[in-house]
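**Student:** I have a structure here, written as structure tokens, and I will follow up with some questions on it.
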Amino acid sequence: MGKAIGVDLGTTNSLAAYVKNGVPVVIRDESGDALVPSIVSVGDDGTIFVGREAQRRLLTAPSRSVYSVKRFMGRGIDDVTEDARLFPFRVSGEPGGVVRIGLGGQEFTPPEISGFVLRELKRRAEEHFRAQGEFDFEVDRAVITVPAYFNDAQRTATRDAGRVAGLEVLRIINEPTAASLAYGLDKRDRGTIAVYDLGGGTFDISILRVEDGVFQVLATNGDTHLGGDDIDRLLMEMVIADVGRAGSGVSTELTPELVQGIRKAVIQAKWDISEDQDAEIRVEAAPQLPTGYHRRITRAEFERLIAPLVDRTLEPCRQALADASLEPGDVNEVVLVGGSTRIPLVRARVAALFGRTPHSEINPDEVVALGAAVQADILVSGRREMLLLDVTPLSLGIETMGGATSKIILRNSTIPASGREMFTTAVDNQTAVDVHVLQGERELADDCRSLARFKLRGIPPMPAGLPRIEVRFQIDANGILSVSAGELRTGIAQAIEVKPSYGLTDGEVERMLIESFEHAEADFDARLLIEARNEAESVILATEKSLRRPDFSEVTASVLDPGETKRIAEALAELKSSMESGDRERIQRQTHALNHATQHLAEVVMNRSVREALTGRNVKDV
């Protein structure tokens with residue numbers, strides 16, 4: 001018997017959760033970290049690194065590391081040309097086919113990359129359950145979330161990623177819907193909820209209504225190409241422009257390593273300025289930037305820079321309200337989701353639009369996974385009576401004579417959904433009809449997205465206009481579309497399950513699963529190395545933080561002897577050096593050595609911190 005988890009497969013970070021004793025719980029690693037960076041890197045020997053270790057390799061092997069792959073899910077090469085220019089890895093593909101991402105000498109599809117991330121979440125969950133003493137359970141099922149505005153191809157690509165990871169995908173649900181479940185807003189007697197979701201790579205707004213146990217999405221809107229990554233890019237462009245004005249020529253000779261160094265610096269500054277009134281952007285020295293780069297940016301400057309991006313999120317909000325026939329004042333609750341909603345300007349703009357303070361009590365990075373876990377528990381256990389009604393984000397129809405689009409299922413229709421329409425032939429004695437399935441809101445077929453084509457053959461020769469051809473659309477609970485066509489007079493019929501052109505074939509999925517088994521031993525060794533490096537990094541950070549204390553010189557003068565200070569510096573340098581190697585035993589040995597060297601320092605720092613905290617207080621205060 002396996003366990004089911006809820007997964008937030010994010011652009012920047014991913015995480016998993018499950019329901020324990022009726023309460024959704026985020027799954028964390030041994031250090032308490034819930035987030036797995038959605039980054040995959042390939043070593044020189046073909047070893048696959050996922051998460052924190054892959055994140056570190058962005059600086060040392062950027063051309064072998066891929067991030068923000070969610071932006072490529074279910075999209076063709078023509079759709080991602082602009083994105084590809086900004087990434088250090090190779091992006092290729094044939095028109096109408098799956099995008100290929102080159103890392104080293106290998107190529108991977110976006111669902112395969114996401115599959116690696118899902119496999120890491122699956123492994124982490126199974127380790128968690130073993131630590132809880134539940135040895136008989138493996139994780140074999142999952143509810144995975146997607147942006148509400150993901151189209152059919154993007155949802156199918158996400159399902160493919162789950163299959164690559166060896167998971168049965170119970171349901172694909174919208175991220176805003178999951179967030180509402182996490183807040184328990186489905187338990188209201190009735191009410192209208194707006195969920196504003198600004199993550200790393202996508203923006204969604206959903207308007208939902210809950211009434212008498214029925215949880216319904218009234219309207220969705222958004223932008224699958226807008227998020228925190230775009231804010232990072234603005235800051236990066238500012239830094240690159242500064243460097244170029246300094247006359248170094250770097251702006252025209254950017255190396256992948258330097259780009260990733262700048263990216264790391266601006267992300268840290270973005271985090272800092274969300275908490276303080278200013279922050280420093282600090283890029284370490286590099287061959288093309290010998291003196292490094294330092295700049296202090298105020299919150300006011302930051303907000304002027306990003307205001308156009310934040311304002312771009314407001315128009316989809318207004319459109320979603322209009323689609324639901326509501327005014328901002330009709331919304332009872334507003335929920336913030338996604339790490340980018342920590343930015344004060346975002347919260348202020350949302351509050352101003354809806355006229356109320358939005359919910360942000362639950363960690364915005366974790367709320368979607370918690371809601372997905374609730375949905376997984378409902379599907380597996382059936383312990384709660386709740387009807388979850390999502391909507392289709394874009395209209396679906398077929399091409400008719402003259403290249404026009406006839407919409408059969410309109411956007412924001414509640415799913416599961418079905419629709420039908422009657423057609424006939426255009427010329428005498430026509431014995432076959434082409435059915436061209438389209439997705440989009442435009443009136444002409446050329447302006448909509450082509451999903452599939454099939455032919456209804458065997459129509460008896462009849463005068464034009466006499467055959468009665470019924471075209472039926474059916475969307476299941478996962479948003480997967482089936483289309484059938486039949487001539488009612490004769491009973492001749494043809495049907496197709498619409499598989500987007502950017503999905504994986506069954507053969508590709510099977511190959512990827514087989515490869516995962518073949519590389520299991522190497523993957524296990526790689527994981528042990530990652531865990532050693534994670535522990536080492538924690539020790540390094542703690543040591544450097546202690547060394548940066550304003551009173552450190554006072555500590556060394558009055559408490560630590562010169563030999564002890566020297567041993568700490570040497571052990572720290574040795575551990576940093578070992579981090580660059582692939583020698584797990586050396587890393588563990590040097591980590592132990594630094595721990596031993598800093599034991600006295602840690603005691604001194606702790607004692608001083610306690611004394612500072614208790615200064616001026618008496619026993620009653622404590």
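Letters for chains follow the order of the structure tokens (A, B, ...), residue numbers begin at 1 for each chain, and ligand numbers begin at 1 in the order shown.
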Give me the residues near Arg28 of chain A as a PDB file with N, CA, C and O atoms, in the first residue's frame, where near means some atom within 10 Å (using only C-alpha atoms) and where sequence neighbours in that chain fewer than 4 positions away do not count.

**Tutor:**
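Output contents, as saved in out-v1.pdb:
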```pdb
ATOM      1  N   LEU A  15       8.243  21.499  -3.493  1.00  0.00           N
ATOM      2  CA  LEU A  15       8.150  20.846  -2.195  1.00  0.00           C
ATOM      3  C   LEU A  15       6.938  19.937  -2.175  1.00  0.00           C
ATOM      4  O   LEU A  15       6.066  20.005  -3.052  1.00  0.00           O
ATOM      5  N   ALA A  16       6.906  19.064  -1.168  1.00  0.00           N
ATOM      6  CA  ALA A  16       5.832  18.082  -1.040  1.00  0.00           C
ATOM      7  C   ALA A  16       5.251  18.140   0.361  1.00  0.00           C
ATOM      8  O   ALA A  16       5.904  18.590   1.317  1.00  0.00           O
ATOM      9  N   ALA A  17       4.013  17.664   0.491  1.00  0.00           N
ATOM     10  CA  ALA A  17       3.327  17.624   1.779  1.00  0.00           C
ATOM     11  C   ALA A  17       2.396  16.425   1.796  1.00  0.00           C
ATOM     12  O   ALA A  17       2.091  15.832   0.756  1.00  0.00           O
ATOM     13  N   GLY A  32      15.617  20.470   8.286  1.00  0.00           N
ATOM     14  CA  GLY A  32      14.401  21.261   8.422  1.00  0.00           C
ATOM     15  C   GLY A  32      14.031  22.051   7.189  1.00  0.00           C
ATOM     16  O   GLY A  32      13.076  22.837   7.211  1.00  0.00           O
ATOM     17  N   ASP A  33      14.757  21.846   6.095  1.00  0.00           N
ATOM     18  CA  ASP A  33      14.500  22.577   4.867  1.00  0.00           C
ATOM     19  C   ASP A  33      13.385  21.889   4.075  1.00  0.00           C
ATOM     20  O   ASP A  33      13.467  20.690   3.782  1.00  0.00           O
ATOM     21  N   ALA A  34      12.343  22.643   3.716  1.00  0.00           N
ATOM     22  CA  ALA A  34      11.232  22.065   2.957  1.00  0.00           C
ATOM     23  C   ALA A  34      11.421  22.215   1.456  1.00  0.00           C
ATOM     24  O   ALA A  34      10.887  21.428   0.681  1.00  0.00           O
ATOM     25  N   LEU A  35      12.166  23.218   1.046  1.00  0.00           N
ATOM     26  CA  LEU A  35      12.260  23.558  -0.370  1.00  0.00           C
ATOM     27  C   LEU A  35      13.356  22.766  -1.078  1.00  0.00           C
ATOM     28  O   LEU A  35      14.474  22.644  -0.576  1.00  0.00           O
ATOM     29  N   VAL A  36      13.035  22.259  -2.247  1.00  0.00           N
ATOM     30  CA  VAL A  36      14.014  21.647  -3.144  1.00  0.00           C
ATOM     31  C   VAL A  36      14.130  22.581  -4.348  1.00  0.00           C
ATOM     32  O   VAL A  36      13.169  22.721  -5.119  1.00  0.00           O
ATOM     33  N   LEU A 121      11.721  14.662  -4.677  1.00  0.00           N
ATOM     34  CA  LEU A 121      10.663  14.857  -3.684  1.00  0.00           C
ATOM     35  C   LEU A 121      10.103  13.513  -3.223  1.00  0.00           C
ATOM     36  O   LEU A 121       9.812  13.331  -2.035  1.00  0.00           O
ATOM     37  N   ARG A 124      12.653  12.014  -0.852  1.00  0.00           N
ATOM     38  CA  ARG A 124      12.644  12.705   0.434  1.00  0.00           C
ATOM     39  C   ARG A 124      11.434  12.279   1.264  1.00  0.00           C
ATOM     40  O   ARG A 124      11.534  12.072   2.474  1.00  0.00           O
ATOM     41  N   ALA A 125      10.269  12.156   0.595  1.00  0.00           N
ATOM     42  CA  ALA A 125       9.056  11.739   1.313  1.00  0.00           C
ATOM     43  C   ALA A 125       9.202  10.335   1.863  1.00  0.00           C
ATOM     44  O   ALA A 125       8.818  10.065   3.007  1.00  0.00           O
ATOM     45  N   GLU A 127      11.951   8.767   2.691  1.00  0.00           N
ATOM     46  CA  GLU A 127      12.878   8.810   3.828  1.00  0.00           C
ATOM     47  C   GLU A 127      12.163   9.351   5.067  1.00  0.00           C
ATOM     48  O   GLU A 127      12.391   8.881   6.187  1.00  0.00           O
ATOM     49  N   HIS A 128      11.314  10.342   4.865  1.00  0.00           N
ATOM     50  CA  HIS A 128      10.551  10.907   5.987  1.00  0.00           C
ATOM     51  C   HIS A 128       9.655   9.844   6.615  1.00  0.00           C
ATOM     52  O   HIS A 128       9.597   9.710   7.837  1.00  0.00           O
TER      53      HIS A 128
END
```

**Student:** Tell me, which residues of segment 32-239 of chain A carry DSSP strand (DSSP E), written as a PDB file with N, CA and C atoms, in the first residue's frame?

**Tutor:**
```
ATOM      1  N   VAL A  36      13.035  22.259  -2.247  1.00  0.00           N
ATOM      2  CA  VAL A  36      14.014  21.647  -3.144  1.00  0.00           C
ATOM      3  C   VAL A  36      14.130  22.581  -4.348  1.00  0.00           C
ATOM      4  N   PRO A  37      15.254  23.283  -4.524  1.00  0.00           N
ATOM      5  CA  PRO A  37      15.382  24.146  -5.700  1.00  0.00           C
ATOM      6  C   PRO A  37      15.096  23.356  -6.977  1.00  0.00           C
ATOM      7  N   VAL A  40      18.435  21.252 -11.934  1.00  0.00           N
ATOM      8  CA  VAL A  40      19.065  19.971 -12.242  1.00  0.00           C
ATOM      9  C   VAL A  40      20.393  20.259 -12.926  1.00  0.00           C
ATOM     10  N   SER A  41      21.428  19.528 -12.525  1.00  0.00           N
ATOM     11  CA  SER A  41      22.758  19.711 -13.107  1.00  0.00           C
ATOM     12  C   SER A  41      23.347  18.347 -13.455  1.00  0.00           C
ATOM     13  N   VAL A  42      24.156  18.311 -14.491  1.00  0.00           N
ATOM     14  CA  VAL A  42      24.765  17.066 -14.945  1.00  0.00           C
ATOM     15  C   VAL A  42      26.277  17.157 -14.777  1.00  0.00           C
ATOM     16  N   ILE A  48      23.539  12.891 -12.210  1.00  0.00           N
ATOM     17  CA  ILE A  48      22.473  13.887 -12.140  1.00  0.00           C
ATOM     18  C   ILE A  48      22.399  14.450 -10.725  1.00  0.00           C
ATOM     19  N   PHE A  49      22.513  15.761 -10.593  1.00  0.00           N
ATOM     20  CA  PHE A  49      22.378  16.449  -9.309  1.00  0.00           C
ATOM     21  C   PHE A  49      21.070  17.233  -9.312  1.00  0.00           C
ATOM     22  N   VAL A  50      20.368  17.201  -8.187  1.00  0.00           N
ATOM     23  CA  VAL A  50      19.078  17.877  -8.080  1.00  0.00           C
ATOM     24  C   VAL A  50      19.038  18.696  -6.788  1.00  0.00           C
ATOM     25  N   SER A  65      23.784  23.147 -16.071  1.00  0.00           N
ATOM     26  CA  SER A  65      22.746  23.261 -15.049  1.00  0.00           C
ATOM     27  C   SER A  65      21.526  23.977 -15.631  1.00  0.00           C
ATOM     28  N   VAL A  66      20.357  23.466 -15.314  1.00  0.00           N
ATOM     29  CA  VAL A  66      19.126  24.046 -15.845  1.00  0.00           C
ATOM     30  C   VAL A  66      18.223  24.460 -14.694  1.00  0.00           C
ATOM     31  N   ARG A  90      21.856  25.046 -23.397  1.00  0.00           N
ATOM     32  CA  ARG A  90      21.415  25.008 -24.787  1.00  0.00           C
ATOM     33  C   ARG A  90      19.934  24.631 -24.863  1.00  0.00           C
ATOM     34  N   VAL A  91      19.207  25.312 -25.721  1.00  0.00           N
ATOM     35  CA  VAL A  91      17.790  25.010 -25.953  1.00  0.00           C
ATOM     36  C   VAL A  91      17.598  24.815 -27.450  1.00  0.00           C
ATOM     37  N   SER A  92      17.021  23.669 -27.829  1.00  0.00           N
ATOM     38  CA  SER A  92      16.818  23.372 -29.243  1.00  0.00           C
ATOM     39  C   SER A  92      15.512  22.610 -29.397  1.00  0.00           C
ATOM     40  N   ARG A 100      14.221  20.550 -26.469  1.00  0.00           N
ATOM     41  CA  ARG A 100      15.340  19.771 -25.945  1.00  0.00           C
ATOM     42  C   ARG A 100      16.317  20.715 -25.255  1.00  0.00           C
ATOM     43  N   ILE A 101      16.748  20.314 -24.048  1.00  0.00           N
ATOM     44  CA  ILE A 101      17.684  21.124 -23.271  1.00  0.00           C
ATOM     45  C   ILE A 101      19.013  20.387 -23.199  1.00  0.00           C
ATOM     46  N   GLY A 102      20.068  21.032 -23.680  1.00  0.00           N
ATOM     47  CA  GLY A 102      21.388  20.413 -23.708  1.00  0.00           C
ATOM     48  C   GLY A 102      22.186  20.741 -22.468  1.00  0.00           C
ATOM     49  N   LEU A 103      22.624  19.696 -21.769  1.00  0.00           N
ATOM     50  CA  LEU A 103      23.476  19.839 -20.585  1.00  0.00           C
ATOM     51  C   LEU A 103      24.689  18.953 -20.793  1.00  0.00           C
ATOM     52  N   GLN A 106      24.598  15.697 -23.145  1.00  0.00           N
ATOM     53  CA  GLN A 106      23.300  15.033 -23.133  1.00  0.00           C
ATOM     54  C   GLN A 106      22.174  16.028 -23.411  1.00  0.00           C
ATOM     55  N   GLU A 107      21.035  15.473 -23.855  1.00  0.00           N
ATOM     56  CA  GLU A 107      19.849  16.289 -24.076  1.00  0.00           C
ATOM     57  C   GLU A 107      18.679  15.731 -23.273  1.00  0.00           C
ATOM     58  N   PHE A 108      17.871  16.623 -22.721  1.00  0.00           N
ATOM     59  CA  PHE A 108      16.728  16.237 -21.906  1.00  0.00           C
ATOM     60  C   PHE A 108      15.515  17.066 -22.328  1.00  0.00           C
ATOM     61  N   VAL A 139       5.987   5.984  -1.716  1.00  0.00           N
ATOM     62  CA  VAL A 139       5.191   7.056  -2.312  1.00  0.00           C
ATOM     63  C   VAL A 139       4.971   6.701  -3.774  1.00  0.00           C
ATOM     64  N   ASP A 140       3.731   6.429  -4.137  1.00  0.00           N
ATOM     65  CA  ASP A 140       3.456   6.012  -5.509  1.00  0.00           C
ATOM     66  C   ASP A 140       2.385   6.858  -6.196  1.00  0.00           C
ATOM     67  N   ARG A 141       1.771   7.789  -5.461  1.00  0.00           N
ATOM     68  CA  ARG A 141       0.719   8.620  -6.038  1.00  0.00           C
ATOM     69  C   ARG A 141       0.899  10.064  -5.606  1.00  0.00           C
ATOM     70  N   ALA A 142       0.428  10.959  -6.449  1.00  0.00           N
ATOM     71  CA  ALA A 142       0.595  12.383  -6.121  1.00  0.00           C
ATOM     72  C   ALA A 142      -0.481  13.218  -6.790  1.00  0.00           C
ATOM     73  N   VAL A 143      -0.837  14.292  -6.127  1.00  0.00           N
ATOM     74  CA  VAL A 143      -1.579  15.396  -6.739  1.00  0.00           C
ATOM     75  C   VAL A 143      -0.550  16.486  -7.009  1.00  0.00           C
ATOM     76  N   ILE A 144      -0.465  16.940  -8.242  1.00  0.00           N
ATOM     77  CA  ILE A 144       0.532  17.935  -8.631  1.00  0.00           C
ATOM     78  C   ILE A 144      -0.191  19.203  -9.055  1.00  0.00           C
ATOM     79  N   THR A 145       0.315  20.336  -8.622  1.00  0.00           N
ATOM     80  CA  THR A 145      -0.326  21.612  -8.937  1.00  0.00           C
ATOM     81  C   THR A 145       0.328  22.271 -10.148  1.00  0.00           C
ATOM     82  N   VAL A 146      -0.471  23.058 -10.844  1.00  0.00           N
ATOM     83  CA  VAL A 146       0.002  23.846 -11.992  1.00  0.00           C
ATOM     84  C   VAL A 146      -0.633  25.227 -11.919  1.00  0.00           C
ATOM     85  N   GLU A 168       1.953   7.832  -9.966  1.00  0.00           N
ATOM     86  CA  GLU A 168       0.618   7.906 -10.555  1.00  0.00           C
ATOM     87  C   GLU A 168       0.051   9.275 -10.181  1.00  0.00           C
ATOM     88  N   VAL A 169      -0.230  10.064 -11.191  1.00  0.00           N
ATOM     89  CA  VAL A 169      -0.740  11.416 -10.933  1.00  0.00           C
ATOM     90  C   VAL A 169      -2.253  11.333 -10.769  1.00  0.00           C
ATOM     91  N   LEU A 170      -2.702  11.456  -9.520  1.00  0.00           N
ATOM     92  CA  LEU A 170      -4.128  11.339  -9.214  1.00  0.00           C
ATOM     93  C   LEU A 170      -4.931  12.493  -9.797  1.00  0.00           C
ATOM     94  N   ARG A 171      -4.348  13.670  -9.774  1.00  0.00           N
ATOM     95  CA  ARG A 171      -5.077  14.839 -10.240  1.00  0.00           C
ATOM     96  C   ARG A 171      -4.086  15.968 -10.495  1.00  0.00           C
ATOM     97  N   ILE A 172      -4.335  16.717 -11.537  1.00  0.00           N
ATOM     98  CA  ILE A 172      -3.637  17.980 -11.757  1.00  0.00           C
ATOM     99  C   ILE A 172      -4.602  19.076 -11.321  1.00  0.00           C
ATOM    100  N   ILE A 173      -4.226  19.890 -10.328  1.00  0.00           N
ATOM    101  CA  ILE A 173      -5.126  20.951  -9.870  1.00  0.00           C
ATOM    102  C   ILE A 173      -4.424  22.301  -9.944  1.00  0.00           C
ATOM    103  N   ASN A 174      -5.224  23.342 -10.005  1.00  0.00           N
ATOM    104  CA  ASN A 174      -4.687  24.693 -10.085  1.00  0.00           C
ATOM    105  C   ASN A 174      -4.062  25.111  -8.760  1.00  0.00           C
ATOM    106  N   ARG A 190     -20.432  30.069   2.814  1.00  0.00           N
ATOM    107  CA  ARG A 190     -20.449  30.635   1.466  1.00  0.00           C
ATOM    108  C   ARG A 190     -19.499  31.828   1.450  1.00  0.00           C
ATOM    109  N   GLY A 191     -19.027  32.162   0.283  1.00  0.00           N
ATOM    110  CA  GLY A 191     -18.142  33.310   0.169  1.00  0.00           C
ATOM    111  C   GLY A 191     -17.422  33.323  -1.165  1.00  0.00           C
ATOM    112  N   THR A 192     -16.843  34.457  -1.489  1.00  0.00           N
ATOM    113  CA  THR A 192     -16.077  34.619  -2.727  1.00  0.00           C
ATOM    114  C   THR A 192     -14.636  34.913  -2.371  1.00  0.00           C
ATOM    115  N   ILE A 193     -13.722  34.237  -3.037  1.00  0.00           N
ATOM    116  CA  ILE A 193     -12.300  34.289  -2.687  1.00  0.00           C
ATOM    117  C   ILE A 193     -11.494  34.656  -3.928  1.00  0.00           C
ATOM    118  N   ALA A 194     -10.533  35.551  -3.760  1.00  0.00           N
ATOM    119  CA  ALA A 194      -9.575  35.863  -4.822  1.00  0.00           C
ATOM    120  C   ALA A 194      -8.209  35.345  -4.386  1.00  0.00           C
ATOM    121  N   VAL A 195      -7.593  34.532  -5.223  1.00  0.00           N
ATOM    122  CA  VAL A 195      -6.269  33.991  -4.920  1.00  0.00           C
ATOM    123  C   VAL A 195      -5.272  34.596  -5.899  1.00  0.00           C
ATOM    124  N   TYR A 196      -4.353  35.393  -5.365  1.00  0.00           N
ATOM    125  CA  TYR A 196      -3.327  36.091  -6.149  1.00  0.00           C
ATOM    126  C   TYR A 196      -2.022  35.319  -5.976  1.00  0.00           C
ATOM    127  N   ASP A 197      -1.541  34.733  -7.056  1.00  0.00           N
ATOM    128  CA  ASP A 197      -0.383  33.822  -6.993  1.00  0.00           C
ATOM    129  C   ASP A 197       0.724  34.346  -7.893  1.00  0.00           C
ATOM    130  N   LEU A 198       1.751  34.921  -7.272  1.00  0.00           N
ATOM    131  CA  LEU A 198       2.910  35.435  -8.018  1.00  0.00           C
ATOM    132  C   LEU A 198       4.138  34.661  -7.572  1.00  0.00           C
ATOM    133  N   PHE A 203       2.282  33.988 -13.096  1.00  0.00           N
ATOM    134  CA  PHE A 203       1.309  34.723 -12.296  1.00  0.00           C
ATOM    135  C   PHE A 203      -0.087  34.206 -12.602  1.00  0.00           C
ATOM    136  N   ASP A 204      -0.883  33.995 -11.554  1.00  0.00           N
ATOM    137  CA  ASP A 204      -2.265  33.557 -11.712  1.00  0.00           C
ATOM    138  C   ASP A 204      -3.160  34.333 -10.763  1.00  0.00           C
ATOM    139  N   ILE A 205      -4.372  34.596 -11.220  1.00  0.00           N
ATOM    140  CA  ILE A 205      -5.422  35.103 -10.350  1.00  0.00           C
ATOM    141  C   ILE A 205      -6.638  34.212 -10.563  1.00  0.00           C
ATOM    142  N   SER A 206      -7.220  33.748  -9.493  1.00  0.00           N
ATOM    143  CA  SER A 206      -8.417  32.919  -9.571  1.00  0.00           C
ATOM    144  C   SER A 206      -9.491  33.514  -8.670  1.00  0.00           C
ATOM    145  N   ILE A 207     -10.694  33.534  -9.169  1.00  0.00           N
ATOM    146  CA  ILE A 207     -11.856  33.955  -8.385  1.00  0.00           C
ATOM    147  C   ILE A 207     -12.666  32.693  -8.102  1.00  0.00           C
ATOM    148  N   LEU A 208     -12.847  32.394  -6.822  1.00  0.00           N
ATOM    149  CA  LEU A 208     -13.512  31.154  -6.423  1.00  0.00           C
ATOM    150  C   LEU A 208     -14.722  31.460  -5.555  1.00  0.00           C
ATOM    151  N   ARG A 209     -15.683  30.533  -5.591  1.00  0.00           N
ATOM    152  CA  ARG A 209     -16.851  30.656  -4.718  1.00  0.00           C
ATOM    153  C   ARG A 209     -17.050  29.338  -3.981  1.00  0.00           C
ATOM    154  N   VAL A 210     -17.283  29.424  -2.678  1.00  0.00           N
ATOM    155  CA  VAL A 210     -17.594  28.234  -1.899  1.00  0.00           C
ATOM    156  C   VAL A 210     -18.997  28.408  -1.328  1.00  0.00           C
ATOM    157  N   GLU A 211     -19.800  27.348  -1.471  1.00  0.00           N
ATOM    158  CA  GLU A 211     -21.167  27.399  -0.965  1.00  0.00           C
ATOM    159  C   GLU A 211     -21.674  25.975  -0.754  1.00  0.00           C
ATOM    160  N   VAL A 214     -19.661  23.028  -1.975  1.00  0.00           N
ATOM    161  CA  VAL A 214     -19.226  23.052  -3.374  1.00  0.00           C
ATOM    162  C   VAL A 214     -18.204  24.166  -3.538  1.00  0.00           C
ATOM    163  N   PHE A 215     -17.023  23.796  -4.018  1.00  0.00           N
ATOM    164  CA  PHE A 215     -15.896  24.709  -4.154  1.00  0.00           C
ATOM    165  C   PHE A 215     -15.677  24.942  -5.640  1.00  0.00           C
ATOM    166  N   GLN A 216     -16.051  26.113  -6.142  1.00  0.00           N
ATOM    167  CA  GLN A 216     -16.088  26.339  -7.582  1.00  0.00           C
ATOM    168  C   GLN A 216     -15.189  27.498  -7.991  1.00  0.00           C
ATOM    169  N   VAL A 217     -14.406  27.272  -9.049  1.00  0.00           N
ATOM    170  CA  VAL A 217     -13.609  28.338  -9.637  1.00  0.00           C
ATOM    171  C   VAL A 217     -14.488  29.080 -10.632  1.00  0.00           C
ATOM    172  N   LEU A 218     -14.732  30.355 -10.367  1.00  0.00           N
ATOM    173  CA  LEU A 218     -15.595  31.150 -11.242  1.00  0.00           C
ATOM    174  C   LEU A 218     -14.842  31.661 -12.461  1.00  0.00           C
ATOM    175  N   ALA A 219     -13.603  32.054 -12.263  1.00  0.00           N
ATOM    176  CA  ALA A 219     -12.828  32.607 -13.373  1.00  0.00           C
ATOM    177  C   ALA A 219     -11.347  32.548 -13.034  1.00  0.00           C
ATOM    178  N   THR A 220     -10.539  32.421 -14.067  1.00  0.00           N
ATOM    179  CA  THR A 220      -9.089  32.464 -13.899  1.00  0.00           C
ATOM    180  C   THR A 220      -8.496  33.373 -14.966  1.00  0.00           C
ATOM    181  N   ASN A 221      -7.347  33.906 -14.656  1.00  0.00           N
ATOM    182  CA  ASN A 221      -6.604  34.690 -15.631  1.00  0.00           C
ATOM    183  C   ASN A 221      -5.150  34.682 -15.171  1.00  0.00           C
ATOM    184  N   GLY A 222      -4.299  35.292 -15.926  1.00  0.00           N
ATOM    185  CA  GLY A 222      -2.910  35.317 -15.494  1.00  0.00           C
ATOM    186  C   GLY A 222      -1.949  35.464 -16.642  1.00  0.00           C
ATOM    187  N   ASP A 223      -0.693  35.171 -16.352  1.00  0.00           N
ATOM    188  CA  ASP A 223       0.392  35.310 -17.319  1.00  0.00           C
ATOM    189  C   ASP A 223       1.415  34.236 -17.016  1.00  0.00           C
TER     190      ASP A 223
END
```

**Student:** Select from segment 335-396 of chain A everything DSSP, run on the backbone, classes as helix (DSSP H, G or I), then give the selection as a PyMOL selection string.

**Tutor:** chain A and resi 339-342+344-354+367-381

**Student:** Under the rule that only C-alpha atoms are counted, which of A:Gly329, A:Pro562, A:Gly46, A:Pro62 is the nearest residue to Gly261 of chain A?

**Tutor:**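 Looking only at the distances to Gly261 of chain A, the closest residue turns out to be A:Pro62.
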
**Student:** With the cut-off set at 12 Å and counting only C-alpha atoms, tabulate each residue of segment 12-99 of chain A with an atom at most that distance from an atom of segment 580-584 of chain A, showing the nearest atom pair and its distance in Å to one decimal, ordered by chain and increasing number, as a tab-separated table.

**Tutor:**
```
residue	atom	partner	partner_atom	distance
A:Gly43	CA	A:Gly582	CA	10.3
A:Asp44	CA	A:Gly582	CA	11.2
A:Asp45	CA	A:Gly582	CA	11.4
A:Thr47	CA	A:Gly582	CA	11.4
A:Glu53	CA	A:Glu580	CA	11.3
A:Arg56	CA	A:Glu580	CA	10.1
A:Arg57	CA	A:Glu580	CA	9.8
A:Leu59	CA	A:Glu580	CA	11.4
A:Thr60	CA	A:Glu580	CA	9.0
A:Ala61	CA	A:Glu580	CA	11.5
```

**Student:** Using only C-alpha atoms, determine which residues lie at most 10 Å from Gly491 of chain A, disregarding the query and same-chain residues fewer than 5 positions distant; provide the list as a list in words.

**Tutor:** Ile459, Ile469 and Gly486 of chain A

**Student:** Which residue, A:Arg586, A:Arg356, A:Arg119, A:Arg155, has the smallest gap to Val331 of chain A when you use only C-alpha atoms?

**Tutor:** A:Arg356

**Student:** What's the 12 Å shell around Leu167 of chain A, counting only C-alpha atoms, without same-chain residues fewer than 4 positions away, as JSON, numbers by chain?

**Tutor:** {"A": [2, 3, 4, 5, 6, 7, 115, 116, 118, 119, 120, 121, 122, 123, 138, 139, 140, 141, 142, 143, 144, 158, 159, 160, 161, 162, 163, 171, 509, 513]}

**Student:** To one decimal in Å, tell me the separation between atom CA of Asp428 of chain A and atom CA of Thr400 of chain A.

**Tutor:** 16.9 Å

**Student:** Near Asn363 of chain A, counting only C-alpha atoms, which residues have an atom at most 12 Å away, once you skip same-chain residues fewer than 3 positions from it, shown as a VMD selection string?

**Tutor:** chain A and resid 26 34 to 35 179 182 to 183 335 to 342 359 to 360 366 to 370
